[in-house]
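The structure appears right after this line, and notes come after that.
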Amino acid sequence: MSGINDFSFKMGTVNGTGSASANALLMQAIFRMGIPVTGKNIFPSNIQGLPTWYEVRVSKDGYTARPSEVDLVVALNPSTYARDVAAVRPGGYLLYDSSWPLDPDLVREGITVLGIPFGKMCVEAFEKDRDRTLLRNIAYAGALAALLDIDMDVVGQMLTEKFGKKQRLLEANHTAIRLGYDYAKANFACPLPFHLEKMDATGDAILIDGNTACALGAVYAGATVGAWYPITPATALMEAFKGFCERFRVDKETGLHNYAILQAEDELAAAGIVIGAGWAGARSFTNTSGPGISLMQEFIGLAYYTDIPAVFFDVQRCGPATGMPTRTQQADLISLAYASHGDTKHLILFPANPRECFEMAVESFDIAERFQTPVFVASDLDIGMNDWMVKRLEWDDSYRPDRGKVLDAEALAKVQKFSRYVDVDGDGIAARTLPGVGGKGAYFVRGSGHDKHAAYTEDSDAYQEVVDRLKRKFEHAATVMPKPEIHRRAGAEVGLVTIGGCDAAVREAADKLEAQGIATDVMRIRAFPFGAEVRDFLGAHEHTFVIEQNRDAQLRSLLAIELGIPRDDMVPILDYGGMPLTAKVVVDAVAAHLAGVPA
Amino acid sequence: MTSIAKPPVRHPSSRTNGLGLTLRDYEGAMSTLCAGCGHDSVTAALVQAAWELDLEPHRAAKMSGIGCSSKTTAYFMKQSHGFNAVHGRMPSVTSGAAAANRDLTYIGISGDGDSLSIGLGQMSHAIRRNVNMLYVLENNGVYGLTKGQFSASADIGSTSKKGEANEQAPIDPVLLALTLGATFVARSFSGDKKQLVPILKAGIAHKGFALVDVISPCVSFNDHEGSTKSYAYTREHEVEVVHADFVPLRREITVPETNEDVSVVQLHDGGSVRLRATAPDYDPTDRDSAYAHVRACQARHEIATGLLFVDETGRDMHDMMRTVPTPLIDVPFERLCPGSAALDKLMDRFR
Ligand SMILES: Cc1ncc(C[n+]2csc(CCOP(=O)(O)OP(=O)(O)O)c2C)c(N)n1
Ligand code: SF4
Ligand SMILES: [Mg+2]
């Protein structure tokens, strides 16, 4: 199925040996040739010595999901040879380092094996050990440039941009690129049957990861306080925020900062800090992953019960502690929806790609302040850490933050009495004041034991009145949270429901299913609580599939719990091995179910 | 929890302070603590200190965790915003609030359980971060609110009401704070208002984290014979090693000079503290000597009190973060949002 501008390749290397820059170079060169491209970094939780892969998908049609099969594998890590060879599609290619004799693990019928002595050539060409290791990666990039017909002018220009005045490095990189390029040209029929041809399909696009985009959203939304505790895959979000703040938020005259970043002692403290800042009137956020969310539970409940805004970015990963922290999942859905003890329910946004990360990051601050409550932005490792091709980010200069109902001194002067939790407007949202305002604005924040005047109470009715208002607020939120994105096809009897980063694979699957004669409607849920549109979609098809990345069908459970849809009316398609979803998983599961094959 | 309401503090007069406010204006809701609880005396001292300082009530924020001690933020300064956080986590909430609005005076109230067990990490890191706040640790050696379990400040050999002796080594917040680099470390006794009030005032005026450990007996669970945090034991073993007088800028002349050795520490807001060491070779501006002295007192079963250490030259949280002098909540949005042109330019870097 591969062809011109429609194929994928993957590099298997050892982490910590410098392959990342070669992989980025390849990705970006293809992108600059105007060809849609995405990269998935499959990396270990380790600094040096463990296997790591980088998968590049080239798709003239603009598909960005992880590829279902790999046309060319570059195998540079002997410890994963067997696995890497097996990953090549029948009829595909394997490129290995022939400085050493062909490993028996690399022998396979039905594929073409290409050997280039990268190691040997680099030893001959470079003197320093470090150069020999690092530049071997650039050499394979050169070989791929020849095999795939990557524009060498573009590559040259990128090296110049990267190394600029560092003449020695620039020259060394040029040498390494040529080593691979010339060897491939001289020894193989270049290019391979699948290769690149210049297009004009990336003009208004960028390559960006979701963490960077979320950070940029926080900057643009006017967030001033960020608190965090380092955790993969969320770390880069705060690092990006810091970088953007250093660029945009440092007072030119004084060098002083219009922002505060607090690296807390743990996630409990990070949650406390953002809640304290939100209470005091700042737009504040924390970035974390599942383990951090677990530690933040008590504070999340406190903020919910006391109507305090704060934004929590959860870049989801697999499970607790060691194991698979560098793999992706969507397994925090239920724990976010009902985080904390007591009667709690939360507002969640589910971006599907980095562009939406930017937009939803901005929106999350508006929603948090408008509804005076914690808001989660549930991204995942795949969205957060991989480079996605998305449309350029845009900004509307007329945007002003929605600060919600806040009574300042002037407004307070006009009211007879200020009662913090009295629902004057009937939407469940009561006006708040910020500390420091004076007059009659003072009130006391305390957990569940307060009445609508914020006074201490242990009275059942007064307590219930408060939690019933919070429920009204949640129901009101359901009507204004982002609507699902729905793509319909004529005559569809199959509904595909999905969430977050599964979107790309599910939409590709819908195209593939259509080619097989199965028309589907696709709904991607973008927020919790679910609105009326979600409910309407769920009853409308003969078959409804819910596609998500966790073991226990958490999204399906939420749909069942919140909307009362019978579980059995929704067929789960679950993919939870930690890798980004491929279209093939969806196509196969839907086709098998419709054909009556038991899962 | 039942409790006997304590009769409201009687005011000798309706004297007003520089803001025209009476002491009563600094009071809060009626206390629901047990009659005679040390915490109520600390509250009264805070009311007095704030009144004497001419603190604008609405420019202060009262922060606390959970415990009988932490409840007391409701019992003073009703015109201030208050935040009763979760158990042991007041320091992080205060850090966030102070990051957002640096112009408020933060008064944190905690207990020995709240600070030294569940909240030990948060208190320690707030000290390291040097959050600009007064941190009052109302220390009774027990968990009052959960009815008398030993806390981490209970001394070895101190007995519970049922006669059980504590065997684990205590955590002394004063020594801990000195070790962690706190720039204001004091200890006092709820029964010694004369000593406590000037310390609280100096702590509020101090720029940075001001720890005031106040021995504050729990009459219901830890005031019996055998307790080392009872009224009787504390009265008998308290030694004031440094006497502090807080001198606000505007009232310099009202404090009488003494002939003894007095060292003056200039505070950030222009006021000063005059420190008079009653113990020979005690230097409250030298961290090591303060540490050694407190240890030596401990070995003699003495409770060293007073403003034990002060350093007004430290860098507080905002200095370290290099934040603008304007509270972040008051920085206009236009200065925070880089705008569309900047974004457009930035996008070229992602190609
Ligand atoms: C997470 C959590 N665990 C346990 C408790 C129960 N609890 C409430 S107060 C308290 C101890 C308070 O002791 P201390 O800080 O010394 O205050 P005191 O009552 O002695 O003034 C405990 C354990 C709680 N509120 N929250
Ligand atoms: S139980 Fe102890 S600490 Fe609590 S109010 Fe009573 S005397 Fe005070
Ligand atoms: Mg206690």
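Here, A, B, ... name the chains of the structure tokens in the order displayed, residue numbers run from 1 inside each chain, and ligands are numbered from 1 in the same displayed order.
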*Could the residues that lie within 10 Å of ligand 2, counting only C-alpha atoms and all ligand atoms, be listed as a ChimeraX atom specification?*
/B:1-4,31-40,67-72,111,138-148,216-223
Could I get the residues of chain A with an atom no further than 6 Å from an atom of chain B, each paired with its nearest atom pair and that distance in Å to one decimal, using only C-alpha atoms, sorted by chain and residue number, as JSON lines?
```
{"residue": "A:Ile206", "atom": "CA", "partner": "B:Arg351", "partner_atom": "CA", "distance": 5.2}
{"residue": "A:Leu207", "atom": "CA", "partner": "B:Phe350", "partner_atom": "CA", "distance": 5.5}
{"residue": "A:Tyr220", "atom": "CA", "partner": "B:Cys337", "partner_atom": "CA", "distance": 4.7}
{"residue": "A:Gly222", "atom": "CA", "partner": "B:Leu336", "partner_atom": "CA", "distance": 5.2}
{"residue": "A:Leu256", "atom": "CA", "partner": "B:Val324", "partner_atom": "CA", "distance": 5.1}
{"residue": "A:His257", "atom": "CA", "partner": "B:Thr323", "partner_atom": "CA", "distance": 4.5}
{"residue": "A:Asn258", "atom": "CA", "partner": "B:Val324", "partner_atom": "CA", "distance": 5.9}
{"residue": "A:Ala269", "atom": "CA", "partner": "B:Ser92", "partner_atom": "CA", "distance": 5.1}
{"residue": "A:Gly272", "atom": "CA", "partner": "B:Val93", "partner_atom": "CA", "distance": 4.6}
{"residue": "A:Ile273", "atom": "CA", "partner": "B:Gly96", "partner_atom": "CA", "distance": 3.9}
{"residue": "A:Val274", "atom": "CA", "partner": "B:Gly96", "partner_atom": "CA", "distance": 5.7}
{"residue": "A:Gly276", "atom": "CA", "partner": "B:Val93", "partner_atom": "CA", "distance": 4.1}
{"residue": "A:Ala277", "atom": "CA", "partner": "B:Ala97", "partner_atom": "CA", "distance": 4.3}
{"residue": "A:Ala280", "atom": "CA", "partner": "B:Ala97", "partner_atom": "CA", "distance": 5.3}
{"residue": "A:Gly281", "atom": "CA", "partner": "B:Ile329", "partner_atom": "CA", "distance": 5.9}
{"residue": "A:Ala282", "atom": "CA", "partner": "B:Ile329", "partner_atom": "CA", "distance": 5.2}
{"residue": "A:Trp395", "atom": "CA", "partner": "B:Ser340", "partner_atom": "CA", "distance": 4.9}
{"residue": "A:Asp397", "atom": "CA", "partner": "B:Gly339", "partner_atom": "CA", "distance": 6.0}
{"residue": "A:Pro435", "atom": "CA", "partner": "B:His81", "partner_atom": "CA", "distance": 5.3}
{"residue": "A:Gly436", "atom": "CA", "partner": "B:Arg59", "partner_atom": "CA", "distance": 4.7}
{"residue": "A:Gly438", "atom": "CA", "partner": "B:His58", "partner_atom": "CA", "distance": 4.6}
{"residue": "A:Ala442", "atom": "CA", "partner": "B:His81", "partner_atom": "CA", "distance": 4.7}
{"residue": "A:Tyr443", "atom": "CA", "partner": "B:His81", "partner_atom": "CA", "distance": 5.2}
{"residue": "A:Phe444", "atom": "CA", "partner": "B:Gly82", "partner_atom": "CA", "distance": 4.4}
{"residue": "A:Val445", "atom": "CA", "partner": "B:Phe83", "partner_atom": "CA", "distance": 4.6}
{"residue": "A:Arg446", "atom": "CA", "partner": "B:Asn84", "partner_atom": "CA", "distance": 4.9}
```
Next, write the just-selected residues to a file, as an mmCIF file, in the first residue's frame, keeping N, CA, C and O atoms as the atom set.
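This is the output file part_28.cif:
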```
data_model
loop_
_atom_site.group_PDB
_atom_site.id
_atom_site.type_symbol
_atom_site.label_atom_id
_atom_site.label_comp_id
_atom_site.auth_asym_id
_atom_site.auth_seq_id
_atom_site.Cartn_x
_atom_site.Cartn_y
_atom_site.Cartn_z
ATOM 1 N N ILE A 206 2.469 23.591 11.112
ATOM 2 C CA ILE A 206 3.686 23.589 11.941
ATOM 3 C C ILE A 206 3.861 22.190 12.522
ATOM 4 O O ILE A 206 2.932 21.383 12.496
ATOM 5 N N LEU A 207 5.056 21.931 13.015
ATOM 6 C CA LEU A 207 5.311 20.704 13.769
ATOM 7 C C LEU A 207 5.480 21.114 15.221
ATOM 8 O O LEU A 207 6.379 21.876 15.558
ATOM 9 N N TYR A 220 -0.632 32.726 26.818
ATOM 10 C CA TYR A 220 -1.586 33.616 26.142
ATOM 11 C C TYR A 220 -2.829 33.885 26.976
ATOM 12 O O TYR A 220 -3.431 34.946 26.878
ATOM 13 N N GLY A 222 -2.823 34.360 30.006
ATOM 14 C CA GLY A 222 -2.477 35.259 31.103
ATOM 15 C C GLY A 222 -2.237 34.552 32.423
ATOM 16 O O GLY A 222 -2.333 35.174 33.482
ATOM 17 N N LEU A 256 12.662 42.056 35.672
ATOM 18 C CA LEU A 256 11.842 41.310 36.631
ATOM 19 C C LEU A 256 10.722 40.547 35.921
ATOM 20 O O LEU A 256 10.348 40.866 34.801
ATOM 21 N N HIS A 257 10.215 39.539 36.618
ATOM 22 C CA HIS A 257 9.309 38.578 35.982
ATOM 23 C C HIS A 257 7.835 38.880 36.226
ATOM 24 O O HIS A 257 7.433 39.079 37.374
ATOM 25 N N ASN A 258 7.068 38.832 35.173
ATOM 26 C CA ASN A 258 5.618 38.927 35.300
ATOM 27 C C ASN A 258 5.005 37.530 35.413
ATOM 28 O O ASN A 258 3.984 37.221 34.799
ATOM 29 N N ALA A 269 1.854 19.688 47.247
ATOM 30 C CA ALA A 269 2.175 21.101 47.403
ATOM 31 C C ALA A 269 1.877 21.868 46.123
ATOM 32 O O ALA A 269 1.379 22.987 46.170
ATOM 33 N N GLY A 272 -1.663 22.609 46.200
ATOM 34 C CA GLY A 272 -1.944 23.646 47.193
ATOM 35 C C GLY A 272 -1.564 25.025 46.685
ATOM 36 O O GLY A 272 -2.285 26.001 46.884
ATOM 37 N N ILE A 273 -0.446 25.095 46.013
ATOM 38 C CA ILE A 273 0.031 26.379 45.502
ATOM 39 C C ILE A 273 -0.932 26.937 44.453
ATOM 40 O O ILE A 273 -1.317 28.108 44.511
ATOM 41 N N VAL A 274 -1.356 26.100 43.525
ATOM 42 C CA VAL A 274 -2.238 26.652 42.488
ATOM 43 C C VAL A 274 -3.612 27.006 43.055
ATOM 44 O O VAL A 274 -4.258 27.958 42.600
ATOM 45 N N GLY A 276 -4.086 28.071 46.203
ATOM 46 C CA GLY A 276 -3.862 29.327 46.930
ATOM 47 C C GLY A 276 -3.808 30.507 45.974
ATOM 48 O O GLY A 276 -4.395 31.568 46.224
ATOM 49 N N ALA A 277 -3.127 30.309 44.856
ATOM 50 C CA ALA A 277 -2.996 31.393 43.875
ATOM 51 C C ALA A 277 -4.340 31.683 43.215
ATOM 52 O O ALA A 277 -4.692 32.843 42.971
ATOM 53 N N ALA A 280 -6.448 33.646 45.492
ATOM 54 C CA ALA A 280 -5.986 35.032 45.591
ATOM 55 C C ALA A 280 -6.244 35.825 44.309
ATOM 56 O O ALA A 280 -6.049 37.034 44.285
ATOM 57 N N GLY A 281 -6.668 35.141 43.226
ATOM 58 C CA GLY A 281 -7.071 35.872 42.023
ATOM 59 C C GLY A 281 -6.161 35.720 40.828
ATOM 60 O O GLY A 281 -6.374 36.369 39.805
ATOM 61 N N ALA A 282 -5.139 34.869 40.927
ATOM 62 C CA ALA A 282 -4.268 34.662 39.762
ATOM 63 C C ALA A 282 -4.797 33.521 38.909
ATOM 64 O O ALA A 282 -5.495 32.640 39.401
ATOM 65 N N TRP A 395 -4.059 33.643 17.056
ATOM 66 C CA TRP A 395 -4.513 34.365 18.242
ATOM 67 C C TRP A 395 -5.380 35.545 17.837
ATOM 68 O O TRP A 395 -5.047 36.278 16.907
ATOM 69 N N ASP A 397 -6.598 38.995 18.912
ATOM 70 C CA ASP A 397 -6.188 40.033 19.863
ATOM 71 C C ASP A 397 -7.348 40.644 20.645
ATOM 72 O O ASP A 397 -7.125 41.367 21.610
ATOM 73 N N PRO A 435 -9.059 38.098 48.332
ATOM 74 C CA PRO A 435 -8.483 38.615 49.574
ATOM 75 C C PRO A 435 -7.825 39.964 49.319
ATOM 76 O O PRO A 435 -7.214 40.179 48.279
ATOM 77 N N GLY A 436 -7.991 40.846 50.277
ATOM 78 C CA GLY A 436 -7.399 42.178 50.141
ATOM 79 C C GLY A 436 -8.413 43.226 49.752
ATOM 80 O O GLY A 436 -8.118 44.413 49.777
ATOM 81 N N GLY A 438 -11.352 44.175 51.084
ATOM 82 C CA GLY A 438 -11.864 45.024 52.148
ATOM 83 C C GLY A 438 -13.374 45.133 52.179
ATOM 84 O O GLY A 438 -14.077 44.382 51.507
ATOM 85 N N ALA A 442 -14.867 40.188 53.064
ATOM 86 C CA ALA A 442 -14.124 39.089 53.687
ATOM 87 C C ALA A 442 -14.999 37.851 53.872
ATOM 88 O O ALA A 442 -16.175 37.955 54.206
ATOM 89 N N TYR A 443 -14.433 36.699 53.622
ATOM 90 C CA TYR A 443 -15.129 35.447 53.929
ATOM 91 C C TYR A 443 -14.083 34.409 54.288
ATOM 92 O O TYR A 443 -12.887 34.635 54.133
ATOM 93 N N PHE A 444 -14.541 33.297 54.772
ATOM 94 C CA PHE A 444 -13.644 32.291 55.313
ATOM 95 C C PHE A 444 -13.785 31.012 54.493
ATOM 96 O O PHE A 444 -14.870 30.483 54.368
ATOM 97 N N VAL A 445 -12.683 30.552 53.935
ATOM 98 C CA VAL A 445 -12.709 29.321 53.150
ATOM 99 C C VAL A 445 -12.573 28.132 54.093
ATOM 100 O O VAL A 445 -11.622 28.059 54.861
ATOM 101 N N ARG A 446 -13.519 27.258 54.050
ATOM 102 C CA ARG A 446 -13.365 26.013 54.803
ATOM 103 C C ARG A 446 -14.022 24.885 54.020
ATOM 104 O O ARG A 446 -14.962 25.106 53.279
#
```
*May I ask which of the residues A:Thr326, A:Lys417, A:Ala223, A:Ile231 is the closest one to Pro401 (chain A), counting only C-alpha atoms?*
A:Ala223
*So which residues touch Pro78 (chain A) within 9 Å, counting only C-alpha atoms, skipping near sequence neighbours fewer than 2 positions away, as a PyMOL selection string?*
chain A and resi 13+75-76+80-82+103+105
Just want the 9 Å neighbourhood of region 59-68 of chain A, counted on only C-alpha atoms, with same-chain residues fewer than 2 positions away dropped. Output as a PDB file with C-alpha atoms, in the first residue's frame.
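Okay, this is what ended up in selection.pdb:
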```pdb
ATOM      1  CA  ILE A   4       5.114   8.084  -3.271  1.00  0.00           C
ATOM      2  CA  ASN A   5       4.725  10.257  -0.174  1.00  0.00           C
ATOM      3  CA  ASP A   6       2.823   7.483   1.507  1.00  0.00           C
ATOM      4  CA  PHE A   7       4.932   5.197   3.660  1.00  0.00           C
ATOM      5  CA  SER A   8       6.574   4.944   7.029  1.00  0.00           C
ATOM      6  CA  ILE A  35       4.896  16.716   2.600  1.00  0.00           C
ATOM      7  CA  PRO A  36       2.673  15.877   5.588  1.00  0.00           C
ATOM      8  CA  VAL A  37       4.680  13.973   8.195  1.00  0.00           C
ATOM      9  CA  THR A  38       4.409  12.888  11.839  1.00  0.00           C
ATOM     10  CA  GLY A  39       6.910  11.351  14.229  1.00  0.00           C
ATOM     11  CA  LYS A  40       6.381   9.112  17.223  1.00  0.00           C
ATOM     12  CA  GLU A  55       8.700   6.190  13.819  1.00  0.00           C
ATOM     13  CA  VAL A  56       8.109   8.559  10.950  1.00  0.00           C
ATOM     14  CA  ARG A  57       4.961   8.477   8.896  1.00  0.00           C
ATOM     15  CA  VAL A  70       6.420  -0.067   8.586  1.00  0.00           C
ATOM     16  CA  MET A 199       4.416  18.740  -2.430  1.00  0.00           C
ATOM     17  CA  ALA A 201       0.712  20.501   1.599  1.00  0.00           C
ATOM     18  CA  TRP A 388       2.391  16.560  15.365  1.00  0.00           C
ATOM     19  CA  MET A 389       1.686  18.363  12.165  1.00  0.00           C
ATOM     20  CA  GLY A 501      -5.502  11.492  20.709  1.00  0.00           C
ATOM     21  CA  CYS A 502      -7.376   8.470  19.318  1.00  0.00           C
ATOM     22  CA  ASP A 503      -9.040  10.911  16.960  1.00  0.00           C
ATOM     23  CA  ALA A 504      -6.434  10.680  14.204  1.00  0.00           C
ATOM     24  CA  ALA A 505      -6.518   6.896  14.038  1.00  0.00           C
ATOM     25  CA  VAL A 506     -10.302   6.691  14.280  1.00  0.00           C
ATOM     26  CA  ARG A 507     -10.850   9.178  11.459  1.00  0.00           C
ATOM     27  CA  GLU A 508      -8.370   7.332   9.298  1.00  0.00           C
ATOM     28  CA  MET A 579       1.549   2.771  22.037  1.00  0.00           C
ATOM     29  CA  PRO A 580      -0.363   5.403  20.080  1.00  0.00           C
ATOM     30  CA  LEU A 581      -3.440   3.932  18.391  1.00  0.00           C
ATOM     31  CA  THR A 582      -3.309   2.774  14.770  1.00  0.00           C
ATOM     32  CA  ALA A 583      -6.217   2.797  12.326  1.00  0.00           C
ATOM     33  CA  LYS A 584      -5.778  -0.918  11.761  1.00  0.00           C
ATOM     34  CA  VAL A 585      -6.802  -1.769  15.337  1.00  0.00           C
TER      35      VAL A 585
END
```
*Compile the contact shell of Pro354 (chain A) as a ChimeraX atom specification: residues with an atom at most 10 Å away, counting only C-alpha atoms, same-chain residues fewer than 2 positions apart removed.*
/A:207-214,351-352,356-360,379,383-391,393,501
*Can you check which residues of region 290-420 of chain A DSSP gives as strand (DSSP E or B) on the backbone and send them as a ChimeraX atom specification?*
/A:310-316,347-349,374-380,388-391,406
Using the selection just defined, write its residues with N, CA and C atoms as a short mmCIF file (atom, residue, chain, number, x, y, z; two decimals), in the first residue's frame.
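Result file follows (again.cif):
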```cif
data_model
loop_
_atom_site.label_atom_id
_atom_site.label_comp_id
_atom_site.auth_asym_id
_atom_site.auth_seq_id
_atom_site.Cartn_x
_atom_site.Cartn_y
_atom_site.Cartn_z
N ALA A 310 -8.69 26.62 39.34
CA ALA A 310 -7.29 26.26 39.08
C ALA A 310 -7.30 25.29 37.91
N VAL A 311 -6.23 25.29 37.15
CA VAL A 311 -6.15 24.41 35.98
C VAL A 311 -5.10 23.33 36.22
N PHE A 312 -5.49 22.10 35.92
CA PHE A 312 -4.60 20.95 36.09
C PHE A 312 -4.39 20.29 34.72
N PHE A 313 -3.18 20.33 34.22
CA PHE A 313 -2.88 19.60 32.99
C PHE A 313 -2.44 18.19 33.39
N ASP A 314 -3.18 17.21 32.92
CA ASP A 314 -2.79 15.82 33.19
C ASP A 314 -2.32 15.20 31.88
N VAL A 315 -1.02 15.03 31.77
CA VAL A 315 -0.46 14.37 30.59
C VAL A 315 -0.38 12.89 30.94
N GLN A 316 -1.39 12.14 30.48
CA GLN A 316 -1.55 10.77 30.96
C GLN A 316 -0.46 9.83 30.47
N LEU A 347 -14.82 19.23 35.84
CA LEU A 347 -14.86 19.63 34.44
C LEU A 347 -13.55 19.22 33.77
N ILE A 348 -13.65 18.56 32.64
CA ILE A 348 -12.45 18.07 31.95
C ILE A 348 -12.51 18.46 30.46
N LEU A 349 -11.38 18.84 29.93
CA LEU A 349 -11.26 19.08 28.49
C LEU A 349 -10.34 18.01 27.91
N PRO A 374 -11.86 23.53 39.91
CA PRO A 374 -10.72 22.94 39.21
C PRO A 374 -11.14 22.47 37.82
N VAL A 375 -10.29 22.70 36.84
CA VAL A 375 -10.55 22.19 35.49
C VAL A 375 -9.34 21.37 35.07
N PHE A 376 -9.62 20.20 34.51
CA PHE A 376 -8.53 19.35 34.03
C PHE A 376 -8.43 19.45 32.51
N VAL A 377 -7.21 19.48 32.03
CA VAL A 377 -6.96 19.32 30.60
C VAL A 377 -6.25 17.98 30.47
N ALA A 378 -6.97 16.99 29.93
CA ALA A 378 -6.44 15.63 29.88
C ALA A 378 -5.80 15.37 28.53
N SER A 379 -4.50 15.53 28.50
CA SER A 379 -3.75 15.20 27.30
C SER A 379 -3.12 13.83 27.56
N ASP A 380 -2.18 13.42 26.75
CA ASP A 380 -1.48 12.17 27.03
C ASP A 380 -0.06 12.25 26.48
N TRP A 388 3.53 16.78 16.26
CA TRP A 388 2.39 16.56 15.37
C TRP A 388 2.37 17.68 14.34
N MET A 389 1.89 17.32 13.16
CA MET A 389 1.69 18.36 12.17
C MET A 389 0.28 18.92 12.35
N VAL A 390 0.21 20.19 12.68
CA VAL A 390 -1.10 20.83 12.85
C VAL A 390 -1.06 22.20 12.17
N LYS A 391 -2.26 22.74 12.01
CA LYS A 391 -2.36 24.07 11.43
C LYS A 391 -1.69 25.08 12.37
N VAL A 406 -16.62 38.17 39.97
CA VAL A 406 -15.74 38.64 41.05
C VAL A 406 -16.21 40.04 41.45
#
```
Write out, as JSON lines, each residue of chain A that has an atom at most 12 Å from ligand 1, together with the closest pair of atoms and their distance in Å to one decimal, counting only C-alpha atoms and all ligand atoms, rows going by chain and rising number.
```
{"residue": "A:Leu268", "atom": "CA", "partner": "ligand 1", "partner_atom_place_in_ligand_line": "1 (C)", "distance": 11.6}
{"residue": "A:Leu295", "atom": "CA", "partner": "ligand 1", "partner_atom_place_in_ligand_line": "1 (C)", "distance": 11.6}
{"residue": "A:Met296", "atom": "CA", "partner": "ligand 1", "partner_atom_place_in_ligand_line": "1 (C)", "distance": 11.7}
{"residue": "A:Gln297", "atom": "CA", "partner": "ligand 1", "partner_atom_place_in_ligand_line": "1 (C)", "distance": 10.5}
{"residue": "A:Glu298", "atom": "CA", "partner": "ligand 1", "partner_atom_place_in_ligand_line": "1 (C)", "distance": 7.6}
{"residue": "A:Phe299", "atom": "CA", "partner": "ligand 1", "partner_atom_place_in_ligand_line": "1 (C)", "distance": 10.0}
{"residue": "A:Gly301", "atom": "CA", "partner": "ligand 1", "partner_atom_place_in_ligand_line": "1 (C)", "distance": 11.8}
{"residue": "A:Leu302", "atom": "CA", "partner": "ligand 1", "partner_atom_place_in_ligand_line": "1 (C)", "distance": 11.5}
{"residue": "A:Ser340", "atom": "CA", "partner": "ligand 1", "partner_atom_place_in_ligand_line": "1 (C)", "distance": 11.8}
{"residue": "A:His341", "atom": "CA", "partner": "ligand 1", "partner_atom_place_in_ligand_line": "1 (C)", "distance": 11.0}
{"residue": "A:Arg446", "atom": "CA", "partner": "ligand 1", "partner_atom_place_in_ligand_line": "25 (N)", "distance": 11.9}
{"residue": "A:Gly447", "atom": "CA", "partner": "ligand 1", "partner_atom_place_in_ligand_line": "25 (N)", "distance": 10.2}
{"residue": "A:Ser448", "atom": "CA", "partner": "ligand 1", "partner_atom_place_in_ligand_line": "25 (N)", "distance": 11.7}
```
Save the residues we just selected, N, CA and C atoms, as a short mmCIF file (atom, residue, chain, number, x, y, z; two decimals), in the first residue's frame?
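selection05.cif, written as the output of this step:
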```cif
data_model
loop_
_atom_site.label_atom_id
_atom_site.label_comp_id
_atom_site.auth_asym_id
_atom_site.auth_seq_id
_atom_site.Cartn_x
_atom_site.Cartn_y
_atom_site.Cartn_z
N LEU A 268 1.35 17.28 45.99
CA LEU A 268 0.38 17.83 46.96
C LEU A 268 0.60 19.33 47.07
N LEU A 295 -1.84 12.03 44.09
CA LEU A 295 -1.41 12.75 45.29
C LEU A 295 -2.23 14.02 45.53
N MET A 296 -2.81 14.56 44.52
CA MET A 296 -3.52 15.85 44.64
C MET A 296 -4.97 15.71 45.09
N GLN A 297 -5.41 14.48 45.26
CA GLN A 297 -6.84 14.23 45.47
C GLN A 297 -7.49 15.11 46.54
N GLU A 298 -6.90 15.19 47.72
CA GLU A 298 -7.57 15.91 48.81
C GLU A 298 -7.76 17.39 48.46
N PHE A 299 -6.72 17.96 47.87
CA PHE A 299 -6.80 19.37 47.50
C PHE A 299 -7.82 19.61 46.39
N GLY A 301 -10.53 18.04 45.94
CA GLY A 301 -11.84 18.05 46.60
C GLY A 301 -12.08 19.37 47.33
N LEU A 302 -11.05 19.85 47.99
CA LEU A 302 -11.19 21.12 48.72
C LEU A 302 -11.54 22.25 47.76
N SER A 340 -11.07 12.90 44.12
CA SER A 340 -11.21 13.25 45.53
C SER A 340 -12.32 12.45 46.21
N HIS A 341 -12.47 12.72 47.51
CA HIS A 341 -13.48 12.04 48.31
C HIS A 341 -14.73 12.90 48.39
N ARG A 446 -13.52 27.26 54.05
CA ARG A 446 -13.37 26.01 54.80
C ARG A 446 -14.02 24.88 54.02
N GLY A 447 -13.52 23.67 54.21
CA GLY A 447 -13.94 22.50 53.42
C GLY A 447 -15.43 22.29 53.30
N SER A 448 -15.89 21.11 53.60
CA SER A 448 -17.29 20.78 53.35
C SER A 448 -18.22 21.42 54.39
#
```
*Minimum-distance residue to Lys471 (chain A), chosen among A:Arg130, A:Lys162, A:Arg83, A:His346 (using only C-alpha atoms)*: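 Closest candidate: A:His346.
Using only C-alpha atoms and all ligand atoms, the nearest neighbour of ligand 3 within the list B:Arg15, B:Lys229, B:Arg287, B:Lys207 is B:Lys229.
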_7 Å contact set for Met523 (chain A), only C-alpha atoms, chain neighbours under 2 positions out, as JSON, numbers by chain_ = {"A": [484, 485, 486, 487, 496, 497, 498, 521, 525]}
*Using only C-alpha atoms, which residues sit within 6 Å of Asp245 (chain B) once same-chain residues fewer than 4 positions away are excluded, as a list in words?*
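Final neighbour list, sorted by chain and number: Pro198, Val273 and Arg274 of chain B.
Remark: for ligand 3, the closest of the candidate residues B:Ala152, B:Leu308, B:Val247, B:Leu180 is B:Ala152 (distances computed over only C-alpha atoms and all ligand atoms).
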